[in-house]
file start.cif (mmCIF, N, CA and C atoms)
data_start
#
loop_
_atom_site.label_atom_id
_atom_site.label_comp_id
_atom_site.auth_asym_id
_atom_site.auth_seq_id
_atom_site.Cartn_x
_atom_site.Cartn_y
_atom_site.Cartn_z
N MET B 1 76.43 157.11 138.00
CA MET B 1 76.43 155.70 138.26
C MET B 1 76.03 154.90 137.03
N THR B 2 75.01 155.37 136.32
CA THR B 2 74.57 154.70 135.10
C THR B 2 75.69 154.71 134.07
N ARG B 3 76.43 155.81 134.03
CA ARG B 3 77.55 155.91 133.09
C ARG B 3 78.61 154.87 133.43
N ASN B 4 78.90 154.65 134.70
CA ASN B 4 79.88 153.65 135.11
C ASN B 4 79.43 152.24 134.71
N ILE B 5 78.16 151.99 134.86
CA ILE B 5 77.63 150.68 134.49
C ILE B 5 77.76 150.47 132.99
N ILE B 6 77.45 151.48 132.22
CA ILE B 6 77.56 151.39 130.76
C ILE B 6 79.02 151.19 130.35
N GLN B 7 79.93 151.94 130.97
CA GLN B 7 81.35 151.78 130.67
C GLN B 7 81.82 150.37 131.02
N PHE B 8 81.40 149.87 132.17
CA PHE B 8 81.78 148.53 132.59
C PHE B 8 81.28 147.50 131.58
N CYS B 9 80.04 147.63 131.13
CA CYS B 9 79.47 146.69 130.17
C CYS B 9 80.22 146.73 128.84
N LEU B 10 80.58 147.93 128.40
CA LEU B 10 81.33 148.06 127.16
C LEU B 10 82.72 147.42 127.27
N VAL B 11 83.39 147.66 128.37
CA VAL B 11 84.72 147.07 128.57
C VAL B 11 84.61 145.55 128.67
N ALA B 12 83.63 145.08 129.44
CA ALA B 12 83.46 143.63 129.61
C ALA B 12 83.14 142.96 128.28
N SER B 13 82.29 143.57 127.47
CA SER B 13 81.95 142.96 126.19
C SER B 13 83.14 142.99 125.24
N ALA B 14 83.95 144.05 125.29
CA ALA B 14 85.14 144.11 124.45
C ALA B 14 86.13 143.03 124.84
N VAL B 15 86.28 142.78 126.12
CA VAL B 15 87.19 141.74 126.57
C VAL B 15 86.68 140.36 126.15
N LEU B 16 85.40 140.12 126.30
CA LEU B 16 84.84 138.83 125.94
C LEU B 16 84.90 138.58 124.44
N ILE B 17 84.67 139.62 123.66
CA ILE B 17 84.72 139.48 122.20
C ILE B 17 86.15 139.24 121.73
N SER B 18 87.12 139.90 122.34
CA SER B 18 88.49 139.78 121.88
C SER B 18 89.19 138.55 122.43
N ALA B 19 88.63 137.92 123.48
CA ALA B 19 89.26 136.74 124.05
C ALA B 19 89.08 135.56 123.10
N PRO B 20 90.14 134.82 122.84
CA PRO B 20 90.01 133.68 121.93
C PRO B 20 89.21 132.57 122.59
N ALA B 21 88.44 131.89 121.76
CA ALA B 21 87.69 130.73 122.26
C ALA B 21 88.65 129.56 122.35
N VAL B 22 88.73 128.97 123.50
CA VAL B 22 89.64 127.86 123.70
C VAL B 22 88.82 126.60 123.96
N ALA B 23 89.00 125.62 123.11
CA ALA B 23 88.31 124.35 123.30
C ALA B 23 89.34 123.30 123.66
N GLY B 24 88.99 122.47 124.60
CA GLY B 24 89.87 121.41 125.02
C GLY B 24 89.81 120.24 124.06
N SER B 25 90.63 119.25 124.32
CA SER B 25 90.71 118.10 123.42
C SER B 25 89.39 117.35 123.35
N LEU B 26 88.67 117.24 124.46
CA LEU B 26 87.39 116.54 124.42
C LEU B 26 86.33 117.32 123.66
N GLU B 27 86.33 118.63 123.82
CA GLU B 27 85.35 119.45 123.10
C GLU B 27 85.58 119.35 121.59
N ASN B 28 86.85 119.37 121.18
CA ASN B 28 87.16 119.23 119.75
C ASN B 28 86.76 117.85 119.24
N LEU B 29 87.00 116.84 120.05
CA LEU B 29 86.62 115.48 119.68
C LEU B 29 85.11 115.37 119.54
N GLU B 30 84.37 115.92 120.48
CA GLU B 30 82.90 115.89 120.44
C GLU B 30 82.39 116.61 119.19
N ARG B 31 82.98 117.75 118.89
CA ARG B 31 82.55 118.53 117.73
C ARG B 31 82.78 117.74 116.44
N GLU B 32 83.95 117.15 116.29
CA GLU B 32 84.25 116.41 115.06
C GLU B 32 83.38 115.16 114.94
N ARG B 33 83.11 114.50 116.06
CA ARG B 33 82.25 113.32 116.02
C ARG B 33 80.84 113.71 115.60
N SER B 34 80.34 114.83 116.07
CA SER B 34 79.00 115.26 115.67
C SER B 34 78.96 115.63 114.19
N ILE B 35 80.05 116.16 113.67
CA ILE B 35 80.13 116.46 112.22
C ILE B 35 80.07 115.16 111.42
N MET B 36 80.82 114.14 111.88
CA MET B 36 80.81 112.85 111.19
C MET B 36 79.41 112.25 111.20
N VAL B 37 78.73 112.30 112.33
CA VAL B 37 77.38 111.74 112.44
C VAL B 37 76.42 112.52 111.53
N SER B 38 76.59 113.82 111.45
CA SER B 38 75.70 114.61 110.56
C SER B 38 75.93 114.22 109.10
N HIS B 39 77.17 113.92 108.72
CA HIS B 39 77.44 113.44 107.35
C HIS B 39 76.80 112.07 107.14
N LEU B 40 76.90 111.22 108.14
CA LEU B 40 76.34 109.87 108.06
C LEU B 40 74.83 109.91 107.84
N LEU B 41 74.17 110.86 108.47
CA LEU B 41 72.71 110.94 108.41
C LEU B 41 72.17 111.92 107.36
N ASP B 42 73.04 112.61 106.65
CA ASP B 42 72.61 113.62 105.68
C ASP B 42 71.98 112.98 104.44
N ALA B 43 70.69 113.15 104.29
CA ALA B 43 69.95 112.55 103.17
C ALA B 43 70.27 113.23 101.84
N ASP B 44 70.88 114.41 101.86
CA ASP B 44 71.18 115.14 100.63
C ASP B 44 72.49 114.68 99.98
N LEU B 45 73.25 113.83 100.66
CA LEU B 45 74.52 113.35 100.10
C LEU B 45 74.30 112.03 99.37
N ASN B 46 75.01 111.88 98.22
CA ASN B 46 74.97 110.57 97.57
C ASN B 46 76.03 109.69 98.25
N VAL B 47 76.11 108.44 97.86
CA VAL B 47 77.00 107.48 98.53
C VAL B 47 78.46 107.93 98.46
N ALA B 48 78.90 108.38 97.29
CA ALA B 48 80.30 108.80 97.13
C ALA B 48 80.62 110.02 97.99
N GLN B 49 79.72 111.00 98.00
CA GLN B 49 79.94 112.19 98.82
C GLN B 49 80.00 111.82 100.30
N ARG B 50 79.07 110.96 100.73
CA ARG B 50 79.03 110.53 102.13
C ARG B 50 80.33 109.83 102.51
N GLN B 51 80.78 108.91 101.67
CA GLN B 51 82.01 108.17 101.96
C GLN B 51 83.21 109.11 102.04
N GLU B 52 83.26 110.09 101.14
CA GLU B 52 84.37 111.05 101.14
C GLU B 52 84.38 111.88 102.42
N LYS B 53 83.23 112.38 102.81
CA LYS B 53 83.14 113.21 104.01
C LYS B 53 83.43 112.40 105.27
N ILE B 54 82.94 111.17 105.32
CA ILE B 54 83.20 110.32 106.48
C ILE B 54 84.67 109.94 106.55
N ALA B 55 85.29 109.68 105.40
CA ALA B 55 86.73 109.35 105.39
C ALA B 55 87.55 110.53 105.91
N PHE B 56 87.17 111.75 105.52
CA PHE B 56 87.87 112.93 106.00
C PHE B 56 87.69 113.06 107.52
N SER B 57 86.45 112.88 107.99
CA SER B 57 86.19 112.97 109.42
C SER B 57 86.92 111.87 110.18
N LYS B 58 87.04 110.70 109.59
CA LYS B 58 87.73 109.59 110.25
C LYS B 58 89.20 109.95 110.52
N ARG B 59 89.84 110.56 109.54
CA ARG B 59 91.25 110.97 109.73
C ARG B 59 91.36 112.01 110.84
N ARG B 60 90.46 112.97 110.83
CA ARG B 60 90.48 114.01 111.88
C ARG B 60 90.16 113.41 113.24
N LEU B 61 89.16 112.53 113.28
CA LEU B 61 88.79 111.89 114.55
C LEU B 61 89.94 111.06 115.11
N ALA B 62 90.63 110.34 114.25
CA ALA B 62 91.76 109.52 114.72
C ALA B 62 92.80 110.41 115.40
N ASP B 63 93.11 111.55 114.78
CA ASP B 63 94.07 112.48 115.39
C ASP B 63 93.54 113.04 116.71
N LEU B 64 92.29 113.46 116.71
CA LEU B 64 91.71 114.05 117.93
C LEU B 64 91.58 113.01 119.04
N GLU B 65 91.30 111.77 118.69
CA GLU B 65 91.23 110.72 119.70
C GLU B 65 92.60 110.48 120.33
N ARG B 66 93.64 110.45 119.49
CA ARG B 66 95.00 110.29 120.02
C ARG B 66 95.37 111.43 120.95
N ILE B 67 95.00 112.64 120.54
CA ILE B 67 95.29 113.81 121.38
C ILE B 67 94.59 113.68 122.73
N ALA B 68 93.31 113.31 122.71
CA ALA B 68 92.56 113.18 123.96
C ALA B 68 93.11 112.04 124.82
N LEU B 69 93.45 110.92 124.19
CA LEU B 69 93.97 109.79 124.95
C LEU B 69 95.33 110.08 125.58
N ASN B 70 96.08 110.98 124.97
CA ASN B 70 97.40 111.33 125.49
C ASN B 70 97.41 112.62 126.31
N ASP B 71 96.26 113.23 126.50
CA ASP B 71 96.15 114.49 127.24
C ASP B 71 96.32 114.22 128.74
N LYS B 72 97.45 114.63 129.29
CA LYS B 72 97.76 114.37 130.70
C LYS B 72 96.77 115.04 131.64
N ALA B 73 96.26 116.18 131.23
CA ALA B 73 95.29 116.89 132.08
C ALA B 73 94.01 116.06 132.23
N LEU B 74 93.62 115.34 131.18
CA LEU B 74 92.42 114.51 131.25
C LEU B 74 92.62 113.31 132.17
N LYS B 75 93.82 112.76 132.16
CA LYS B 75 94.09 111.59 133.00
C LYS B 75 93.95 111.92 134.48
N GLU B 76 94.22 113.17 134.83
CA GLU B 76 94.16 113.60 136.23
C GLU B 76 92.82 114.23 136.58
N SER B 77 91.98 114.48 135.59
CA SER B 77 90.71 115.17 135.82
C SER B 77 89.63 114.21 136.31
N ARG B 78 88.78 114.72 137.17
CA ARG B 78 87.62 113.98 137.65
C ARG B 78 86.34 114.72 137.27
N SER B 79 86.41 115.54 136.23
CA SER B 79 85.23 116.30 135.83
C SER B 79 84.17 115.34 135.27
N PRO B 80 82.90 115.73 135.37
CA PRO B 80 81.83 114.87 134.86
C PRO B 80 81.99 114.55 133.37
N LEU B 81 82.44 115.52 132.57
CA LEU B 81 82.61 115.28 131.14
C LEU B 81 83.67 114.21 130.90
N VAL B 82 84.80 114.33 131.56
CA VAL B 82 85.89 113.37 131.37
C VAL B 82 85.44 111.98 131.81
N LEU B 83 84.79 111.90 132.95
CA LEU B 83 84.32 110.61 133.43
C LEU B 83 83.30 109.98 132.47
N LYS B 84 82.41 110.79 131.93
CA LYS B 84 81.41 110.29 131.00
C LYS B 84 82.05 109.80 129.70
N VAL B 85 82.99 110.57 129.19
CA VAL B 85 83.64 110.20 127.93
C VAL B 85 84.37 108.87 128.07
N PHE B 86 85.12 108.70 129.15
CA PHE B 86 85.87 107.46 129.29
C PHE B 86 84.98 106.29 129.71
N LYS B 87 83.86 106.57 130.36
CA LYS B 87 82.92 105.51 130.69
C LYS B 87 82.26 104.98 129.41
N ASN B 88 82.01 105.88 128.47
CA ASN B 88 81.40 105.52 127.18
C ASN B 88 82.45 105.46 126.07
N TYR B 89 83.54 104.79 126.34
CA TYR B 89 84.67 104.71 125.40
C TYR B 89 84.22 104.28 124.02
N GLU B 90 83.35 103.28 123.94
CA GLU B 90 82.93 102.73 122.65
C GLU B 90 82.32 103.78 121.73
N MET B 91 81.61 104.73 122.30
CA MET B 91 80.97 105.76 121.48
C MET B 91 81.78 107.05 121.44
N SER B 92 82.64 107.25 122.41
CA SER B 92 83.44 108.48 122.46
C SER B 92 84.64 108.41 121.53
N PHE B 93 85.28 107.26 121.47
CA PHE B 93 86.48 107.08 120.65
C PHE B 93 86.12 106.13 119.50
N LEU B 94 85.33 106.64 118.56
CA LEU B 94 84.77 105.82 117.50
C LEU B 94 85.80 105.13 116.63
N VAL B 95 86.83 105.84 116.22
CA VAL B 95 87.82 105.26 115.31
C VAL B 95 88.54 104.10 116.00
N HIS B 96 88.99 104.33 117.21
CA HIS B 96 89.72 103.30 117.93
C HIS B 96 88.83 102.11 118.29
N SER B 97 87.64 102.38 118.80
CA SER B 97 86.77 101.27 119.20
C SER B 97 86.24 100.50 117.99
N ALA B 98 85.99 101.17 116.87
CA ALA B 98 85.56 100.47 115.65
C ALA B 98 86.68 99.57 115.14
N ALA B 99 87.91 100.06 115.17
CA ALA B 99 89.05 99.24 114.73
C ALA B 99 89.22 98.03 115.65
N GLU B 100 89.05 98.25 116.95
CA GLU B 100 89.18 97.14 117.91
C GLU B 100 88.10 96.09 117.70
N SER B 101 86.91 96.51 117.27
CA SER B 101 85.81 95.56 117.06
C SER B 101 85.78 95.01 115.64
N GLY B 102 86.65 95.53 114.76
CA GLY B 102 86.71 95.04 113.39
C GLY B 102 85.55 95.47 112.52
N ARG B 103 84.92 96.58 112.85
CA ARG B 103 83.80 97.09 112.07
C ARG B 103 84.14 98.47 111.53
N SER B 104 83.35 98.89 110.54
CA SER B 104 83.53 100.26 110.05
C SER B 104 83.04 101.22 111.13
N MET B 105 83.54 102.43 111.06
CA MET B 105 83.15 103.45 112.03
C MET B 105 81.64 103.70 111.97
N SER B 106 81.08 103.75 110.77
CA SER B 106 79.64 103.99 110.61
C SER B 106 78.82 102.86 111.21
N THR B 107 79.19 101.63 110.91
CA THR B 107 78.49 100.48 111.46
C THR B 107 78.60 100.46 112.98
N HIS B 108 79.78 100.74 113.48
CA HIS B 108 80.01 100.76 114.91
C HIS B 108 79.10 101.78 115.60
N TRP B 109 79.02 102.99 115.02
CA TRP B 109 78.18 104.03 115.62
C TRP B 109 76.70 103.64 115.55
N LEU B 110 76.25 103.19 114.37
CA LEU B 110 74.85 102.83 114.20
C LEU B 110 74.44 101.72 115.17
N GLU B 111 75.27 100.70 115.30
CA GLU B 111 74.96 99.62 116.24
C GLU B 111 75.03 100.11 117.68
N GLY B 112 75.92 101.07 117.94
CA GLY B 112 76.03 101.63 119.28
C GLY B 112 74.78 102.39 119.72
N VAL B 113 74.06 102.97 118.76
CA VAL B 113 72.82 103.67 119.10
C VAL B 113 71.60 102.77 118.92
N GLY B 114 71.85 101.49 118.61
CA GLY B 114 70.77 100.52 118.56
C GLY B 114 70.12 100.31 117.21
N LEU B 115 70.80 100.67 116.14
CA LEU B 115 70.25 100.46 114.80
C LEU B 115 71.02 99.35 114.09
N SER B 116 70.28 98.43 113.49
CA SER B 116 70.92 97.35 112.74
C SER B 116 70.73 97.60 111.25
N THR B 117 71.39 96.80 110.44
CA THR B 117 71.24 96.92 108.99
C THR B 117 69.79 96.66 108.59
N SER B 118 69.16 95.66 109.20
CA SER B 118 67.76 95.36 108.85
C SER B 118 66.84 96.52 109.25
N ASP B 119 67.13 97.17 110.38
CA ASP B 119 66.34 98.36 110.77
C ASP B 119 66.44 99.44 109.70
N LEU B 120 67.64 99.66 109.21
CA LEU B 120 67.85 100.71 108.20
C LEU B 120 67.21 100.33 106.87
N MET B 121 67.30 99.06 106.51
CA MET B 121 66.71 98.62 105.24
C MET B 121 65.18 98.70 105.28
N ASN B 122 64.59 98.55 106.46
CA ASN B 122 63.13 98.60 106.60
C ASN B 122 62.63 100.03 106.83
N ALA B 123 63.50 100.97 107.02
CA ALA B 123 63.10 102.36 107.30
C ALA B 123 62.54 103.00 106.05
N ARG B 124 61.60 103.88 106.24
CA ARG B 124 61.00 104.63 105.14
C ARG B 124 61.29 106.11 105.34
N SER B 125 61.55 106.78 104.25
CA SER B 125 61.80 108.23 104.29
C SER B 125 60.47 108.96 104.35
N ILE B 126 60.42 109.98 105.21
CA ILE B 126 59.22 110.80 105.33
C ILE B 126 59.46 112.08 104.56
N PRO B 127 58.61 112.35 103.56
CA PRO B 127 58.82 113.57 102.74
C PRO B 127 58.57 114.84 103.49
#
call {"tool": "encode", "arguments": {"input": "start.cif", "output": "structure tokens"}}
result
Amino acid sequence: MTRNIIQFCLVASAVLISAPAVAGSLENLERERSIMVSHLLDADLNVAQRQEKIAFSKRRLADLERIALNDKALKESRSPLVLKVFKNYEMSFLVHSAAESGRSMSTHWLEGVGLSTSDLMNARSIP
């Protein structure tokens, strides 16, 4: 019996390891948005590096947002994730909502989380 359990565990782990990881359009969008935010907040980047990384993320985000907005499966889904993403459109679809508001993506995100330019200018770095 122990041998059967061990064999089952080995087979199950082999199947799980060999199965490709499949991420949906919203998961990919969430991942890319978090990468963009990490670039925005990375204290080790200079201004030029930050702008370059954010510009790259903006292009990727625009594509991923279009994919999510056109995903027919999402339009028919009532999952909590889908409902949350579309309820929080302003923060979920940063490129589109920033363009609609006439602000940069960075400014749009920072204001969306409650930070203003004066807040940032008054902030102090903690060593």
call {"tool": "resolve_selection", "arguments": {"input": "start.cif", "expression": "the PyMOL selection byres (((chain B and resi 81 and name CA) around 12) and name CA)", "output": "JSON, numbers by chain"}}
result
{"B": [24, 25, 26, 27, 30, 74, 77, 78, 79, 80, 82, 83, 84, 85, 86, 87, 88, 92]}
call {"tool": "closest_residue", "arguments": {"input": "start.cif", "among": "B:Phe93, B:Arg31, B:Ala43, B:His108", "to": "Arg66 (chain B)", "atoms": "all atoms listed in the file"}}
result
B:Phe93
call {"tool": "closest_residue", "arguments": {"input": "start.cif", "among": "B:Gly102, B:Ile67, B:Arg124, B:Ala55", "to": "Ile35 (chain B)", "atoms": "only C-alpha atoms"}}
result
B:Ala55
call {"tool": "residues_around", "arguments": {"input": "start.cif", "residues": "Phe56 (chain B)", "least_positions_apart": "5", "cutoff": "12 Å", "atoms": "only C-alpha atoms", "output": "CSV table (one decimal) with N, CA and C atoms, keeping the file's coordinate frame"}}
result
chain,number,residue,atom,x,y,z
B,32,GLU,N,84.0,117.2,116.3
B,32,GLU,CA,84.2,116.4,115.1
B,32,GLU,C,83.4,115.2,114.9
B,33,ARG,N,83.1,114.5,116.1
B,33,ARG,CA,82.2,113.3,116.0
B,33,ARG,C,80.8,113.7,115.6
B,35,ILE,N,80.0,116.2,113.7
B,35,ILE,CA,80.1,116.5,112.2
B,35,ILE,C,80.1,115.2,111.4
B,36,MET,N,80.8,114.1,111.9
B,36,MET,CA,80.8,112.8,111.2
B,36,MET,C,79.4,112.2,111.2
B,39,HIS,N,77.2,113.9,108.7
B,39,HIS,CA,77.4,113.4,107.4
B,39,HIS,C,76.8,112.1,107.1
B,49,GLN,N,79.7,111.0,98.0
B,49,GLN,CA,79.9,112.2,98.8
B,49,GLN,C,80.0,111.8,100.3
B,50,ARG,N,79.1,111.0,100.7
B,50,ARG,CA,79.0,110.5,102.1
B,50,ARG,C,80.3,109.8,102.5
B,51,GLN,N,80.8,108.9,101.7
B,51,GLN,CA,82.0,108.2,102.0
B,51,GLN,C,83.2,109.1,102.0
B,61,LEU,N,89.2,112.5,113.3
B,61,LEU,CA,88.8,111.9,114.6
B,61,LEU,C,89.9,111.1,115.1
B,62,ALA,N,90.6,110.3,114.2
B,62,ALA,CA,91.8,109.5,114.7
B,62,ALA,C,92.8,110.4,115.4
B,63,ASP,N,93.1,111.6,114.8
B,63,ASP,CA,94.1,112.5,115.4
B,63,ASP,C,93.5,113.0,116.7
call {"tool": "atom_distance", "arguments": {"input": "start.cif", "atom1": "atom N of Glu111 (chain B)", "atom2": "atom C of Leu94 (chain B)"}}
result
11.5 Å
call {"tool": "atom_distance", "arguments": {"input": "start.cif", "atom1": "atom C of Gly114 (chain B)", "atom2": "atom N of Ile126 (chain B)"}}
result
18.2 Å
call {"tool": "atom_distance", "arguments": {"input": "start.cif", "atom1": "CA of Ile54 (chain B)", "atom2": "atom C of Asp71 (chain B)"}}
result
26.1 Å
call {"tool": "build_atoms", "arguments": {"input": "start.cif", "residues": "region 62-73 of chain B", "atoms": "all heavy atoms", "output": "mmCIF file, in the coordinates of the input"}}
result
data_model
loop_
_atom_site.group_PDB
_atom_site.id
_atom_site.type_symbol
_atom_site.label_atom_id
_atom_site.label_comp_id
_atom_site.auth_asym_id
_atom_site.auth_seq_id
_atom_site.Cartn_x
_atom_site.Cartn_y
_atom_site.Cartn_z
ATOM 1 N N ALA B 62 90.630 110.340 114.250
ATOM 2 C CA ALA B 62 91.760 109.520 114.720
ATOM 3 C C ALA B 62 92.800 110.410 115.400
ATOM 4 O O ALA B 62 93.308 110.076 116.481
ATOM 5 C CB ALA B 62 92.387 108.748 113.565
ATOM 6 N N ASP B 63 93.110 111.550 114.780
ATOM 7 C CA ASP B 63 94.070 112.480 115.390
ATOM 8 C C ASP B 63 93.540 113.040 116.710
ATOM 9 O O ASP B 63 94.270 113.082 117.705
ATOM 10 C CB ASP B 63 94.363 113.642 114.428
ATOM 11 C CG ASP B 63 95.177 113.217 113.217
ATOM 12 O OD1 ASP B 63 95.820 112.150 113.273
ATOM 13 O OD2 ASP B 63 95.158 113.962 112.216
ATOM 14 N N LEU B 64 92.290 113.460 116.710
ATOM 15 C CA LEU B 64 91.710 114.050 117.930
ATOM 16 C C LEU B 64 91.580 113.010 119.040
ATOM 17 O O LEU B 64 91.760 113.340 120.225
ATOM 18 C CB LEU B 64 90.356 114.675 117.612
ATOM 19 C CG LEU B 64 90.431 115.933 116.736
ATOM 20 C CD1 LEU B 64 89.046 116.323 116.251
ATOM 21 C CD2 LEU B 64 91.085 117.073 117.485
ATOM 22 N N GLU B 65 91.300 111.770 118.690
ATOM 23 C CA GLU B 65 91.230 110.720 119.700
ATOM 24 C C GLU B 65 92.600 110.480 120.330
ATOM 25 O O GLU B 65 92.715 110.340 121.543
ATOM 26 C CB GLU B 65 90.683 109.423 119.093
ATOM 27 C CG GLU B 65 89.198 109.480 118.812
ATOM 28 C CD GLU B 65 88.664 108.228 118.142
ATOM 29 O OE1 GLU B 65 89.381 107.205 118.069
ATOM 30 O OE2 GLU B 65 87.499 108.269 117.699
ATOM 31 N N ARG B 66 93.640 110.450 119.490
ATOM 32 C CA ARG B 66 95.000 110.290 120.020
ATOM 33 C C ARG B 66 95.370 111.430 120.950
ATOM 34 O O ARG B 66 95.977 111.231 121.995
ATOM 35 C CB ARG B 66 96.016 110.191 118.880
ATOM 36 C CG ARG B 66 96.199 108.786 118.380
ATOM 37 C CD ARG B 66 97.369 108.689 117.409
ATOM 38 N NE ARG B 66 96.877 108.061 116.199
ATOM 39 C CZ ARG B 66 96.578 108.672 115.067
ATOM 40 N NH1 ARG B 66 96.782 109.953 114.928
ATOM 41 N NH2 ARG B 66 96.106 108.009 114.052
ATOM 42 N N ILE B 67 95.000 112.640 120.540
ATOM 43 C CA ILE B 67 95.290 113.810 121.380
ATOM 44 C C ILE B 67 94.590 113.680 122.730
ATOM 45 O O ILE B 67 95.194 113.890 123.772
ATOM 46 C CB ILE B 67 94.867 115.114 120.653
ATOM 47 C CG1 ILE B 67 95.809 115.378 119.469
ATOM 48 C CG2 ILE B 67 94.852 116.294 121.619
ATOM 49 C CD1 ILE B 67 95.317 116.464 118.522
ATOM 50 N N ALA B 68 93.310 113.310 122.710
ATOM 51 C CA ALA B 68 92.560 113.180 123.960
ATOM 52 C C ALA B 68 93.110 112.040 124.820
ATOM 53 O O ALA B 68 93.244 112.190 126.040
ATOM 54 C CB ALA B 68 91.080 112.946 123.661
ATOM 55 N N LEU B 69 93.450 110.920 124.190
ATOM 56 C CA LEU B 69 93.970 109.790 124.950
ATOM 57 C C LEU B 69 95.330 110.080 125.580
ATOM 58 O O LEU B 69 95.679 109.494 126.610
ATOM 59 C CB LEU B 69 94.049 108.543 124.067
ATOM 60 C CG LEU B 69 92.696 107.936 123.700
ATOM 61 C CD1 LEU B 69 92.857 106.895 122.599
ATOM 62 C CD2 LEU B 69 92.030 107.333 124.923
ATOM 63 N N ASN B 70 96.080 110.980 124.970
ATOM 64 C CA ASN B 70 97.400 111.330 125.490
ATOM 65 C C ASN B 70 97.410 112.620 126.310
ATOM 66 O O ASN B 70 98.478 113.057 126.741
ATOM 67 C CB ASN B 70 98.419 111.443 124.346
ATOM 68 C CG ASN B 70 98.694 110.110 123.713
ATOM 69 O OD1 ASN B 70 98.895 109.118 124.399
ATOM 70 N ND2 ASN B 70 98.678 110.068 122.386
ATOM 71 N N ASP B 71 96.260 113.230 126.500
ATOM 72 C CA ASP B 71 96.150 114.490 127.240
ATOM 73 C C ASP B 71 96.320 114.220 128.740
ATOM 74 O O ASP B 71 95.454 113.628 129.386
ATOM 75 C CB ASP B 71 94.795 115.131 126.957
ATOM 76 C CG ASP B 71 94.665 116.536 127.513
ATOM 77 O OD1 ASP B 71 95.438 116.893 128.427
ATOM 78 O OD2 ASP B 71 93.774 117.265 127.033
ATOM 79 N N LYS B 72 97.450 114.630 129.290
ATOM 80 C CA LYS B 72 97.760 114.370 130.700
ATOM 81 C C LYS B 72 96.770 115.040 131.640
ATOM 82 O O LYS B 72 96.461 114.517 132.701
ATOM 83 C CB LYS B 72 99.183 114.813 131.010
ATOM 84 C CG LYS B 72 100.215 113.958 130.333
ATOM 85 C CD LYS B 72 101.622 114.444 130.597
ATOM 86 C CE LYS B 72 102.593 113.582 129.815
ATOM 87 N NZ LYS B 72 103.945 114.103 129.832
ATOM 88 N N ALA B 73 96.260 116.180 131.230
ATOM 89 C CA ALA B 73 95.290 116.890 132.080
ATOM 90 C C ALA B 73 94.010 116.060 132.230
ATOM 91 O O ALA B 73 93.378 116.074 133.282
ATOM 92 C CB ALA B 73 94.967 118.256 131.496
#
